[in-house]
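Peer 1: Following this message is one structure expressed as structure tokens.
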Amino acid sequence: MAEKQHLYLVDGSAYIFRAYHRLPPLTDPEGTPVGAVYGYTTMLWKLAEDLDKAEGPTHLGVILDKSSHSFRNDIFPEYKANRPPPPEDLVPQFPLIRDATRAFSLECIEEQGLEADDLIASYARAAAAQNWDVTIVSSDKDLMQLIGEGSESIGKIDMLDTMKNQRISIPEVAEKFGVAPELVGDVLALMGDSVDNIPGIYGVGPKTATKLIQEHGSLTAALDSAADMKKSKLKERLLEHRADAELSRILVTLKEDCDLPVPIESFKLDGVPPEPLATFLTKHGFTSLLRRLDTGSGSPERTTNLNPAKAITAGVAGTEKGNRQASPEMTPIDRSAYECVQDRETLDRWISKCFAARVIAVDTETSALDAMQADLVGISLATGPNEACYIPLAHGGSDMFTEKPKQIDREEALEALRPLLASDAVLKIGQNIKYDLNVLARYNTPISPIDDTMIISFDLDAGRGEAGIGGGHGMDELSVRHLGHSPLSFKDVCGTGKKQIPFGEVPLDRATEYAAEDADVTWRLHSLLKPRLPIEGGTKVYERVDRPLVPVVAQMERHGIKVDRAQLSRLSEEFATTMGTLETQIHEDAGQEFSIGSPKQLGEILFDKLGYKGGRKGKSGQYSTDLTMLEKLAEQGAGIATRVLEWRQLAKLKSTYTDALQAAINPNTGRVHTSYSLVGAQTGRLSSTDPNLQNIPIRTEIGRQIREAFVADEGNVLLAADYSQIELRLAAHMADVPSLKEAFEQGEDIHSRTAREMYGEVNRETRAQAKTINFAILYGISRWGLAGRLGVEADEAQAMIDRYFERFPGIQRYIAETLETVRERGYSETLFGRKTWFPRINSKNQAERQGSERAAINAPIQGTCADIIKRAMVRMMPALDTAGLGHVRMLLQVHDELVFELPEGDVEAATSIIRNVMAKAAEPAVKLDVPLGIEIGSGTSWGAAH
DNA sequence: GATGTCACG
DNA sequence: GACGTACGTGACATCA
């Protein structure tokens with residue numbers, strides 16, 4: 001009897017309410033809602049898994065509420081009377097909680113007339129009395145009354161909030177209530193509880209209640225003192241409502257001496273037997289958990305880098321000779337096992353197989369990379385390791401002398417596949433499934449519901465790549481990292497360069513190996529990565545933000561945006577003419593012809609031949625000729641520098657925009673379709689490629705003409721809505737800076753406010769400096785960096801930084817705390833729980849470390865901003881739809897801006913919906929202390945909409 | 001394929 | 001004492 005017993009009491013009823021509100025509305029294969037049950041199951045899993053850990057349970061029991069009526073209703077009929085009924089799709093989940101508990105072979109206690117809290121109190125006291133430690137798994141404030149340090153003969157009682165992964169003991173109670181646990185009931189009796197309909201003292205809230213109990217030491221003393229208080233509202237209320245407080249004290253008192261329905265010893269946790277757990281997990285489609293149960297963890301050497309969650313191993317008896325068998329996802333890839341589907345019968349067999357599997361991987365093969373133009377060449381499906389097929393649909397045909405291979409007619413095959421791809425009962429996994437969504441959308445074949453291994457990987461591991469190992473989320477990389485397997489590469493089957501052939505020309509045996517392997521690998525990756533989400537805290541951001549965003553962004557890409565080709569062409573010509581003139585002059589200045597676009601040649605001309613002052617830079621030994629350098633030379637009177645700068649600007653605009661955008665117009669739609677990456681930026685921002693529509697010029701007059709070329713379709717206008725100063729607003733909230741928050745609440749100019757705080761005076765110069773400093777703060781600051789930007793000495797810059805921190809101490813605290821947690825945990829987190837990893841934060845290399853530190857300061861702010869606009873995007877079309885504005889098209893996202901296309905007559909109605917969705921996008925998950933300002937404009941072009 | 005430059009938030 | 005000097009991106013031209 002050496003080791004101390006530790007009883008965990010799970011407040012099951014309270015948990016599922018919270019799980020319901022914090023997890024996605026999942027349904028099982030039979031259509032029963034199971035989101036909350038899933039959350040509950042993973043929580044039990046995690047607790048049971050801690051069996052051998054120091055703080056882990058030796059005994060575990062679940063306590064539930066039997067019914068809504070308890071002895072408290074006999075005392076006070078209105079008790080809990082104004083609780084709204086539970087949500088419709090939560091009701092069927094209550095009985096499943098009992099099923100889940102029994103599936104874990106755990107005791108599940110409930111008693112008529114008693115609330116779960118009373119049973120928990122009684123078990124906790126009984127266990128502590130025999131010197132067991134007790135942990136109550138709940139965050140219910142009423143239960144905080146029970147917390148205690150324990151003594152030599154009495155066990156310790158604490159609480160565990162599994163949602164926040166937080167232990168609650170005396171210091172946490174003191175922080176919340178300002179008093180010791182024994183006095184929590186007195187505080188609660190004064191403040192009351194509107195949810196439970198406990199009256200308390202009318203007009204007394206948590207602050208006043210705490211103060212009264214702190215001052216007087218008990219409820220009775222506080223109430224007695226009222227008579228001697230000087231005249232005040234509070235005095236009146238205490239006197240008038242004394243009876244309410246006394247009634248409340250009774251209601252909040254936990255009954256600690258209930259008869260225990262089963263003895264405490266029966267909570268003994270002895271590992272979880274595989275049955276009936278496996279049956280339960282199967283029935284409700286919790287396949288990812290099921291696989292973990294079957295197999296134990298994967299080979300450690302293949303997964304060390306990413307530390308996947310340890311699988312539950314307790315009670316997995318029956319594996320031969322005690323050896324763990326390899327996980328199914330680790331079964332060696334066998335390409336010869338894949339099937340090529342060339343006739344209808346085989347296809348139908350695979351479709352049935354997919355319906356039965358319920359979780360399948362899908363991959364499309366196409367003739368090109370552009371989802372908006374590529375032809376569909378084939379589809380591959382996987383239902384499990386080495387269970388995969390390829391369905392060729394458009395192979396052969398480029399060579400009129402050889403016969404096309406046998407394959408099912410494309411439209412016939414799609415017709416057969418549509419019910420499967422659209423079925424709610426079958427989850428379709430893809431690696432970058434947005435691509436497949438867009439290709440198949442052009443064949444009238446929607447896919448839903450979906451999962452995306454690339455995005456799951458990103459939500460778990462963004463930023464996690466070590467130097468040289470690679471931290472990307474592409475399939476080949478993920479496959480090597482997690483499966484220890486290099487899939488056939490596209491090059492292997494299609495060749496490269498001039499010899500490259502389109503996928504449709506690849507012989508079917510080879511195409512099957514490649515395509516089916518991709519689906520197989522995707523399926524395996526999903527089974528490894530998806531279970532990590534709930535365990536590592538990634539579910540919220542994946543389910544609530546990134547997964548629902550996929551179809552939204554896909555639709556935006558398909559919409560595209562119209563550009564005025566003639567306008568772009570005019571600009572191209574104009575730029576070319578001016579560049580020609582400049583080129584001649586520059587060559588004259590230089591006394592020779594040279595390639596102006598070559599920094600190497602330019603540097604040699606400027607510094608060697610013409611003898612201007614300037615230094616070498618970097619290990620390449622090249623002269624620097626960038627903007628700041630050329631501006632310095634221009635100040636010295638170098639006319640050539642001015643002309644080179646102008647030439648460069650035009651060259652940039654022409655090559656990157658006016659020429660490239662014309663080439664990017666899709667011949668079928670006449671519009672430009674960008675491709676957004678949801679995993680492109682470590683912070684959670686989107687990025688835009690082919691073409692990049694997130695860096696269209698706006699800052700200079702000449703560049704702005706390019707924005708004029710982005711236009712609305714006839715009869716429509718473009719509407720641009722952007723968050724104003726959102727990053728500074730979030731910084732004010734997250735760092736808790738009262739003066740900045742106040743400035744935003746009052747709609748003040750934030751840079752002027754900063755200038756006033758720092759210099760006591762607002763003029764053009766101080767405002768400009770304040771603006772620079774404000775941004776410097778968001779990016780992590782160094783005295784040299786700031787000095788360079790402001791053109792002052794480093795000492796002076798340091799003085800400004802000191803002054804800033806003095807005026808806004810919250811900012812300094814935020815930076816210190818952020819860095820501390822990142823150093824400790826390895827990642828930063830946004831307000832919505834998105835993680836970004838910083839593996840180099842503790843590097844011995846100073847430059848590397850400081851770079852990570854600056855990025856880590858910025859990531860929570862930039863990332864929270866990204867989360868907010870993503871949430872707005874997810875909600876936007878449903879909101880517009882409800883308002884009868886379903887025809888409004890959302891076209892572009894530029895980090896803090898959304899661009900829409902709509903009939904001119906709808907601008908007013910749409911403006912109010914869009915503003916509302918954007919302004920409230922953080923809610924209800926996060927309540928910001930600052931308002932989110934939205935600026936909206938419209939016009940026939942993007943330029944005019946600003 | 002690396003490097004330098006510059007467009008955006 | 002040197003390092004390299006603001007966060008996050010993508011595209012293009014040049015050159016090895």
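FYI, nothing fancy with the structure tokens labels: chains A, B, ... in order, residues from 1 per chain, ligands from 1 as they appear.
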For chain B, report every residue with an atom at most 8 Å from chain A (counting only C-alpha atoms (C1' of nucleotides)), formatted as a PyMOL selection string.

Peer 2: chain B and resi 4-9

Peer 1: Would you list which chain C residues are within 7 Å of chain A using only C-alpha atoms (C1' of nucleotides), as a compact mmCIF listing (two decimals) with all heavy atoms, in the first residue's frame?

Peer 2:
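Wrote it out as iface-v3.txt, contents follow:
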# COMPACT_ATOMS: atom_id res chain seq x y z
P DC C 3 30.79 40.72 -38.77
OP1 DC C 3 31.31 39.99 -39.94
OP2 DC C 3 30.76 42.19 -38.76
O5' DC C 3 29.31 40.19 -38.47
C5' DC C 3 29.11 38.80 -38.17
C4' DC C 3 27.72 38.62 -37.58
O4' DC C 3 27.70 39.12 -36.24
C3' DC C 3 26.61 39.38 -38.33
O3' DC C 3 25.73 38.43 -38.91
C2' DC C 3 25.91 40.21 -37.27
C1' DC C 3 26.39 39.57 -35.97
N1 DC C 3 26.46 40.49 -34.80
C2 DC C 3 25.88 40.11 -33.59
O2 DC C 3 25.30 39.02 -33.52
N3 DC C 3 25.95 40.95 -32.54
C4 DC C 3 26.59 42.11 -32.65
N4 DC C 3 26.65 42.89 -31.57
C5 DC C 3 27.20 42.51 -33.86
C6 DC C 3 27.11 41.68 -34.92
P DT C 5 19.79 42.69 -41.71
OP1 DT C 5 19.35 41.66 -42.67
OP2 DT C 5 20.64 43.82 -42.16
O5' DT C 5 18.50 43.30 -41.01
C5' DT C 5 18.03 42.75 -39.79
C4' DT C 5 17.89 43.84 -38.77
O4' DT C 5 19.14 44.10 -38.10
C3' DT C 5 17.48 45.21 -39.35
O3' DT C 5 16.26 45.58 -38.76
C2' DT C 5 18.58 46.14 -38.95
C1' DT C 5 19.11 45.43 -37.70
N1 DT C 5 20.44 45.89 -37.27
C2 DT C 5 20.69 46.01 -35.92
O2 DT C 5 19.86 45.73 -35.08
N3 DT C 5 21.92 46.46 -35.60
C4 DT C 5 22.93 46.80 -36.48
O4 DT C 5 24.00 47.20 -36.05
C5 DT C 5 22.62 46.66 -37.86
C7 DT C 5 23.65 47.02 -38.90
C6 DT C 5 21.41 46.22 -38.20
P DA C 6 15.05 45.95 -39.66
OP1 DA C 6 14.99 44.68 -40.36
OP2 DA C 6 15.03 47.21 -40.43
O5' DA C 6 13.95 46.12 -38.51
C5' DA C 6 13.99 45.33 -37.35
C4' DA C 6 12.66 44.58 -37.16
O4' DA C 6 11.61 45.54 -37.02
C3' DA C 6 12.29 43.70 -38.36
O3' DA C 6 11.67 42.49 -37.91
C2' DA C 6 11.31 44.52 -39.14
C1' DA C 6 10.68 45.42 -38.09
N9 DA C 6 10.40 46.75 -38.60
C8 DA C 6 10.79 47.27 -39.79
N7 DA C 6 10.37 48.49 -40.00
C5 DA C 6 9.68 48.79 -38.86
C6 DA C 6 9.00 49.92 -38.44
N6 DA C 6 8.89 51.03 -39.17
N1 DA C 6 8.40 49.89 -37.24
C2 DA C 6 8.50 48.79 -36.49
N3 DA C 6 9.12 47.66 -36.77
C4 DA C 6 9.69 47.73 -37.97
P DC C 7 11.76 41.22 -38.67
OP1 DC C 7 12.57 40.28 -37.88
OP2 DC C 7 12.10 41.50 -40.07
O5' DC C 7 10.25 40.73 -38.63
C5' DC C 7 9.66 40.38 -37.38
C4' DC C 7 8.20 40.09 -37.60
O4' DC C 7 7.51 41.32 -37.91
C3' DC C 7 7.92 39.18 -38.81
O3' DC C 7 7.99 37.82 -38.42
C2' DC C 7 6.51 39.58 -39.17
C1' DC C 7 6.48 41.06 -38.85
N1 DC C 7 6.71 41.93 -40.04
C2 DC C 7 5.64 42.13 -40.91
O2 DC C 7 4.56 41.58 -40.65
N3 DC C 7 5.80 42.91 -42.00
C4 DC C 7 6.99 43.48 -42.24
N4 DC C 7 7.10 44.24 -43.32
C5 DC C 7 8.10 43.29 -41.37
C6 DC C 7 7.92 42.51 -40.30
P DG C 8 8.28 36.70 -39.54
OP1 DG C 8 8.21 35.39 -38.87
OP2 DG C 8 9.46 37.09 -40.33
O5' DG C 8 7.01 36.84 -40.52
C5' DG C 8 5.73 36.47 -40.04
C4' DG C 8 4.71 36.69 -41.13
O4' DG C 8 4.59 38.10 -41.42
C3' DG C 8 5.09 36.10 -42.48
O3' DG C 8 4.84 34.71 -42.49
C2' DG C 8 4.14 36.86 -43.39
C1' DG C 8 4.14 38.25 -42.75
N9 DG C 8 5.04 39.18 -43.44
C8 DG C 8 6.36 39.46 -43.17
N7 DG C 8 6.87 40.35 -43.97
C5 DG C 8 5.82 40.68 -44.82
C6 DG C 8 5.76 41.61 -45.89
O6 DG C 8 6.65 42.35 -46.32
N1 DG C 8 4.50 41.63 -46.49
C2 DG C 8 3.44 40.85 -46.09
N2 DG C 8 2.31 40.99 -46.78
N3 DG C 8 3.48 39.99 -45.10
C4 DG C 8 4.70 39.96 -44.50
P DT C 9 5.47 33.85 -43.68
OP1 DT C 9 5.29 32.45 -43.29
OP2 DT C 9 6.81 34.38 -44.03
O5' DT C 9 4.46 34.18 -44.86
C5' DT C 9 4.89 34.13 -46.18
C4' DT C 9 3.95 34.95 -47.01
O4' DT C 9 4.16 36.35 -46.70
C3' DT C 9 4.19 34.84 -48.49
O3' DT C 9 3.35 33.80 -48.97
C2' DT C 9 3.75 36.18 -49.04
C1' DT C 9 4.00 37.13 -47.87
N1 DT C 9 5.19 38.00 -48.05
C2 DT C 9 5.11 39.02 -48.97
O2 DT C 9 4.12 39.24 -49.66
N3 DT C 9 6.23 39.80 -49.07
C4 DT C 9 7.41 39.65 -48.34
O4 DT C 9 8.35 40.42 -48.51
C5 DT C 9 7.42 38.55 -47.41
C7 DT C 9 8.65 38.30 -46.58
C6 DT C 9 6.33 37.79 -47.30
P DG C 10 3.87 32.91 -50.18
OP1 DG C 10 2.81 31.91 -50.43
OP2 DG C 10 5.25 32.48 -49.93
O5' DG C 10 3.89 33.94 -51.40
C5' DG C 10 2.65 34.46 -51.88
C4' DG C 10 2.90 35.15 -53.20
O4' DG C 10 3.78 36.29 -52.99
C3' DG C 10 3.59 34.29 -54.25
O3' DG C 10 3.00 34.62 -55.50
C2' DG C 10 5.05 34.69 -54.16
C1' DG C 10 4.97 36.15 -53.74
N9 DG C 10 6.06 36.60 -52.88
C8 DG C 10 6.60 35.94 -51.80
N7 DG C 10 7.56 36.61 -51.21
C5 DG C 10 7.67 37.78 -51.95
C6 DG C 10 8.53 38.89 -51.80
O6 DG C 10 9.41 39.06 -50.95
N1 DG C 10 8.30 39.87 -52.76
C2 DG C 10 7.35 39.79 -53.74
N2 DG C 10 7.26 40.81 -54.58
N3 DG C 10 6.53 38.76 -53.90
C4 DG C 10 6.74 37.79 -52.98
P DA C 11 3.47 33.95 -56.85
OP1 DA C 11 2.26 33.76 -57.66
OP2 DA C 11 4.39 32.84 -56.56
O5' DA C 11 4.32 35.13 -57.49
C5' DA C 11 3.64 36.33 -57.82
C4' DA C 11 4.53 37.19 -58.67
O4' DA C 11 5.58 37.74 -57.83
C3' DA C 11 5.24 36.42 -59.78
O3' DA C 11 5.15 37.22 -60.95
C2' DA C 11 6.66 36.24 -59.29
C1' DA C 11 6.85 37.45 -58.38
N9 DA C 11 7.73 37.22 -57.23
C8 DA C 11 7.74 36.12 -56.40
N7 DA C 11 8.63 36.20 -55.43
C5 DA C 11 9.24 37.43 -55.64
C6 DA C 11 10.28 38.09 -54.96
N6 DA C 11 10.89 37.61 -53.88
N1 DA C 11 10.66 39.30 -55.42
C2 DA C 11 10.03 39.80 -56.50
N3 DA C 11 9.05 39.27 -57.23
C4 DA C 11 8.71 38.06 -56.74
P DC C 12 5.63 36.68 -62.32
OP1 DC C 12 4.66 37.16 -63.31
OP2 DC C 12 5.99 35.26 -62.22
O5' DC C 12 6.98 37.50 -62.52
C5' DC C 12 6.94 38.92 -62.52
C4' DC C 12 8.36 39.42 -62.49
O4' DC C 12 8.92 39.11 -61.20
C3' DC C 12 9.24 38.74 -63.54
O3' DC C 12 9.70 39.72 -64.43
C2' DC C 12 10.36 38.09 -62.74
C1' DC C 12 10.28 38.81 -61.40
N1 DC C 12 10.70 37.98 -60.23
C2 DC C 12 11.65 38.50 -59.36
O2 DC C 12 12.12 39.62 -59.58
N3 DC C 12 12.05 37.76 -58.29
C4 DC C 12 11.52 36.55 -58.09
N4 DC C 12 11.92 35.86 -57.03
C5 DC C 12 10.53 36.00 -58.97
C6 DC C 12 10.16 36.74 -60.02
P DA C 13 10.53 39.28 -65.71
OP1 DA C 13 10.12 40.20 -66.78
OP2 DA C 13 10.49 37.81 -65.90
O5' DA C 13 12.00 39.66 -65.24
C5' DA C 13 12.28 41.00 -64.86
C4' DA C 13 13.75 41.11 -64.55
O4' DA C 13 14.01 40.41 -63.30
C3' DA C 13 14.66 40.46 -65.59
O3' DA C 13 15.74 41.34 -65.85
C2' DA C 13 15.09 39.14 -64.97
C1' DA C 13 15.03 39.45 -63.47
N9 DA C 13 14.65 38.30 -62.63
C8 DA C 13 13.67 37.37 -62.88
N7 DA C 13 13.56 36.46 -61.95
C5 DA C 13 14.52 36.82 -61.02
C6 DA C 13 14.90 36.25 -59.79
N6 DA C 13 14.34 35.16 -59.27
N1 DA C 13 15.90 36.85 -59.11
C2 DA C 13 16.46 37.95 -59.63
N3 DA C 13 16.18 38.58 -60.78
C4 DA C 13 15.20 37.95 -61.43
P DT C 14 16.88 40.92 -66.92
OP1 DT C 14 17.39 42.16 -67.49
OP2 DT C 14 16.40 39.82 -67.77
O5' DT C 14 17.98 40.33 -65.93
C5' DT C 14 18.41 41.14 -64.83
C4' DT C 14 19.46 40.38 -64.03
O4' DT C 14 18.81 39.34 -63.26
C3' DT C 14 20.54 39.70 -64.86
O3' DT C 14 21.79 40.03 -64.28
C2' DT C 14 20.22 38.23 -64.75
C1' DT C 14 19.58 38.16 -63.36
N1 DT C 14 18.66 37.02 -63.09
C2 DT C 14 18.76 36.37 -61.89
O2 DT C 14 19.58 36.66 -61.04
N3 DT C 14 17.86 35.35 -61.71
C4 DT C 14 16.90 34.94 -62.60
O4 DT C 14 16.15 34.01 -62.33
C5 DT C 14 16.84 35.67 -63.85
C7 DT C 14 15.83 35.29 -64.89
C6 DT C 14 17.72 36.67 -64.03

Peer 1: Nearest to DT3 (chain B) among A:Lys498, A:Gly621, A:Thr58, A:Ser479, with distances taken over only C-alpha atoms (C1' of nucleotides): which residue is it?

Peer 2: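 Counting only C-alpha atoms (C1' of nucleotides), the residue closest to DT3 (chain B) is A:Gly621.
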
Peer 1: Grab the CA of Val930 (chain A) to CA of Thr882 (chain A) distance for me, in Å with one decimal place.

Peer 2: 27.7 Å

Peer 1: Out of region 13-229 of chain A, which residues get strand (DSSP E) from DSSP, as a list of chain:residue names?

Peer 2: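 Taking region 13-229 of chain A and keeping strand (DSSP E) gives A:His59, A:Leu60, A:Gly61, A:Val62, A:Ile63, A:Glu107, A:Cys108, A:Ile109, A:Asp133, A:Val134, A:Thr135, A:Ile136, A:Val137, A:Ile157, A:Asp158, A:Met159, A:Leu160, A:Asp161, A:Gln166, A:Arg167, A:Ile168.
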
Peer 1: Those same residues - N, CA and C atoms - I'd like them written as a PDB file, in the first residue's frame.

Peer 2:
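Contents of out.pdb, freshly written:
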ATOM      1  N   HIS A  59      -8.115   6.094  -9.398  1.00  0.00           N
ATOM      2  CA  HIS A  59      -9.545   5.792  -9.387  1.00  0.00           C
ATOM      3  C   HIS A  59     -10.260   6.872 -10.193  1.00  0.00           C
ATOM      4  N   LEU A  60     -11.273   6.464 -10.906  1.00  0.00           N
ATOM      5  CA  LEU A  60     -11.963   7.427 -11.773  1.00  0.00           C
ATOM      6  C   LEU A  60     -13.448   7.110 -11.821  1.00  0.00           C
ATOM      7  N   GLY A  61     -14.267   8.108 -11.556  1.00  0.00           N
ATOM      8  CA  GLY A  61     -15.714   7.902 -11.634  1.00  0.00           C
ATOM      9  C   GLY A  61     -16.397   9.112 -12.240  1.00  0.00           C
ATOM     10  N   VAL A  62     -17.542   8.862 -12.851  1.00  0.00           N
ATOM     11  CA  VAL A  62     -18.274   9.936 -13.497  1.00  0.00           C
ATOM     12  C   VAL A  62     -19.582  10.168 -12.746  1.00  0.00           C
ATOM     13  N   ILE A  63     -19.878  11.427 -12.480  1.00  0.00           N
ATOM     14  CA  ILE A  63     -21.111  11.753 -11.776  1.00  0.00           C
ATOM     15  C   ILE A  63     -22.014  12.559 -12.704  1.00  0.00           C
ATOM     16  N   GLU A 107     -17.417   3.576 -13.659  1.00  0.00           N
ATOM     17  CA  GLU A 107     -18.660   3.759 -12.921  1.00  0.00           C
ATOM     18  C   GLU A 107     -19.312   5.084 -13.306  1.00  0.00           C
ATOM     19  N   CYS A 108     -20.629   5.049 -13.310  1.00  0.00           N
ATOM     20  CA  CYS A 108     -21.387   6.217 -13.719  1.00  0.00           C
ATOM     21  C   CYS A 108     -22.486   6.410 -12.689  1.00  0.00           C
ATOM     22  N   ILE A 109     -22.370   7.439 -11.870  1.00  0.00           N
ATOM     23  CA  ILE A 109     -23.235   7.584 -10.699  1.00  0.00           C
ATOM     24  C   ILE A 109     -24.262   8.690 -10.894  1.00  0.00           C
ATOM     25  N   ASP A 133      -6.050  11.588  -2.287  1.00  0.00           N
ATOM     26  CA  ASP A 133      -6.156  12.862  -2.994  1.00  0.00           C
ATOM     27  C   ASP A 133      -7.335  12.788  -3.945  1.00  0.00           C
ATOM     28  N   VAL A 134      -7.947  13.951  -4.176  1.00  0.00           N
ATOM     29  CA  VAL A 134      -9.121  13.988  -5.042  1.00  0.00           C
ATOM     30  C   VAL A 134      -8.970  15.113  -6.059  1.00  0.00           C
ATOM     31  N   THR A 135      -9.292  14.801  -7.304  1.00  0.00           N
ATOM     32  CA  THR A 135      -9.358  15.840  -8.325  1.00  0.00           C
ATOM     33  C   THR A 135     -10.750  15.840  -8.940  1.00  0.00           C
ATOM     34  N   ILE A 136     -11.402  16.988  -8.868  1.00  0.00           N
ATOM     35  CA  ILE A 136     -12.739  17.103  -9.452  1.00  0.00           C
ATOM     36  C   ILE A 136     -12.583  17.682 -10.854  1.00  0.00           C
ATOM     37  N   VAL A 137     -13.026  16.926 -11.843  1.00  0.00           N
ATOM     38  CA  VAL A 137     -12.873  17.379 -13.214  1.00  0.00           C
ATOM     39  C   VAL A 137     -14.104  18.205 -13.585  1.00  0.00           C
ATOM     40  N   ILE A 157      -7.789  18.144  -2.014  1.00  0.00           N
ATOM     41  CA  ILE A 157      -8.835  18.203  -3.045  1.00  0.00           C
ATOM     42  C   ILE A 157      -8.530  19.374  -3.974  1.00  0.00           C
ATOM     43  N   ASP A 158      -8.438  19.087  -5.276  1.00  0.00           N
ATOM     44  CA  ASP A 158      -8.311  20.188  -6.229  1.00  0.00           C
ATOM     45  C   ASP A 158      -9.235  19.949  -7.413  1.00  0.00           C
ATOM     46  N   MET A 159      -9.197  20.846  -8.379  1.00  0.00           N
ATOM     47  CA  MET A 159     -10.063  20.697  -9.551  1.00  0.00           C
ATOM     48  C   MET A 159      -9.211  20.762 -10.810  1.00  0.00           C
ATOM     49  N   LEU A 160      -9.759  20.206 -11.877  1.00  0.00           N
ATOM     50  CA  LEU A 160      -9.072  20.231 -13.165  1.00  0.00           C
ATOM     51  C   LEU A 160     -10.073  20.666 -14.228  1.00  0.00           C
ATOM     52  N   ASP A 161      -9.747  21.765 -14.892  1.00  0.00           N
ATOM     53  CA  ASP A 161     -10.572  22.217 -16.016  1.00  0.00           C
ATOM     54  C   ASP A 161      -9.910  21.680 -17.284  1.00  0.00           C
ATOM     55  N   GLN A 166      -6.306  23.399 -16.991  1.00  0.00           N
ATOM     56  CA  GLN A 166      -5.853  24.194 -15.860  1.00  0.00           C
ATOM     57  C   GLN A 166      -6.217  23.510 -14.550  1.00  0.00           C
ATOM     58  N   ARG A 167      -5.253  23.434 -13.659  1.00  0.00           N
ATOM     59  CA  ARG A 167      -5.521  22.949 -12.300  1.00  0.00           C
ATOM     60  C   ARG A 167      -6.073  24.103 -11.478  1.00  0.00           C
ATOM     61  N   ILE A 168      -7.051  23.819 -10.657  1.00  0.00           N
ATOM     62  CA  ILE A 168      -7.596  24.857  -9.794  1.00  0.00           C
ATOM     63  C   ILE A 168      -7.394  24.415  -8.357  1.00  0.00           C
TER      64      ILE A 168
END
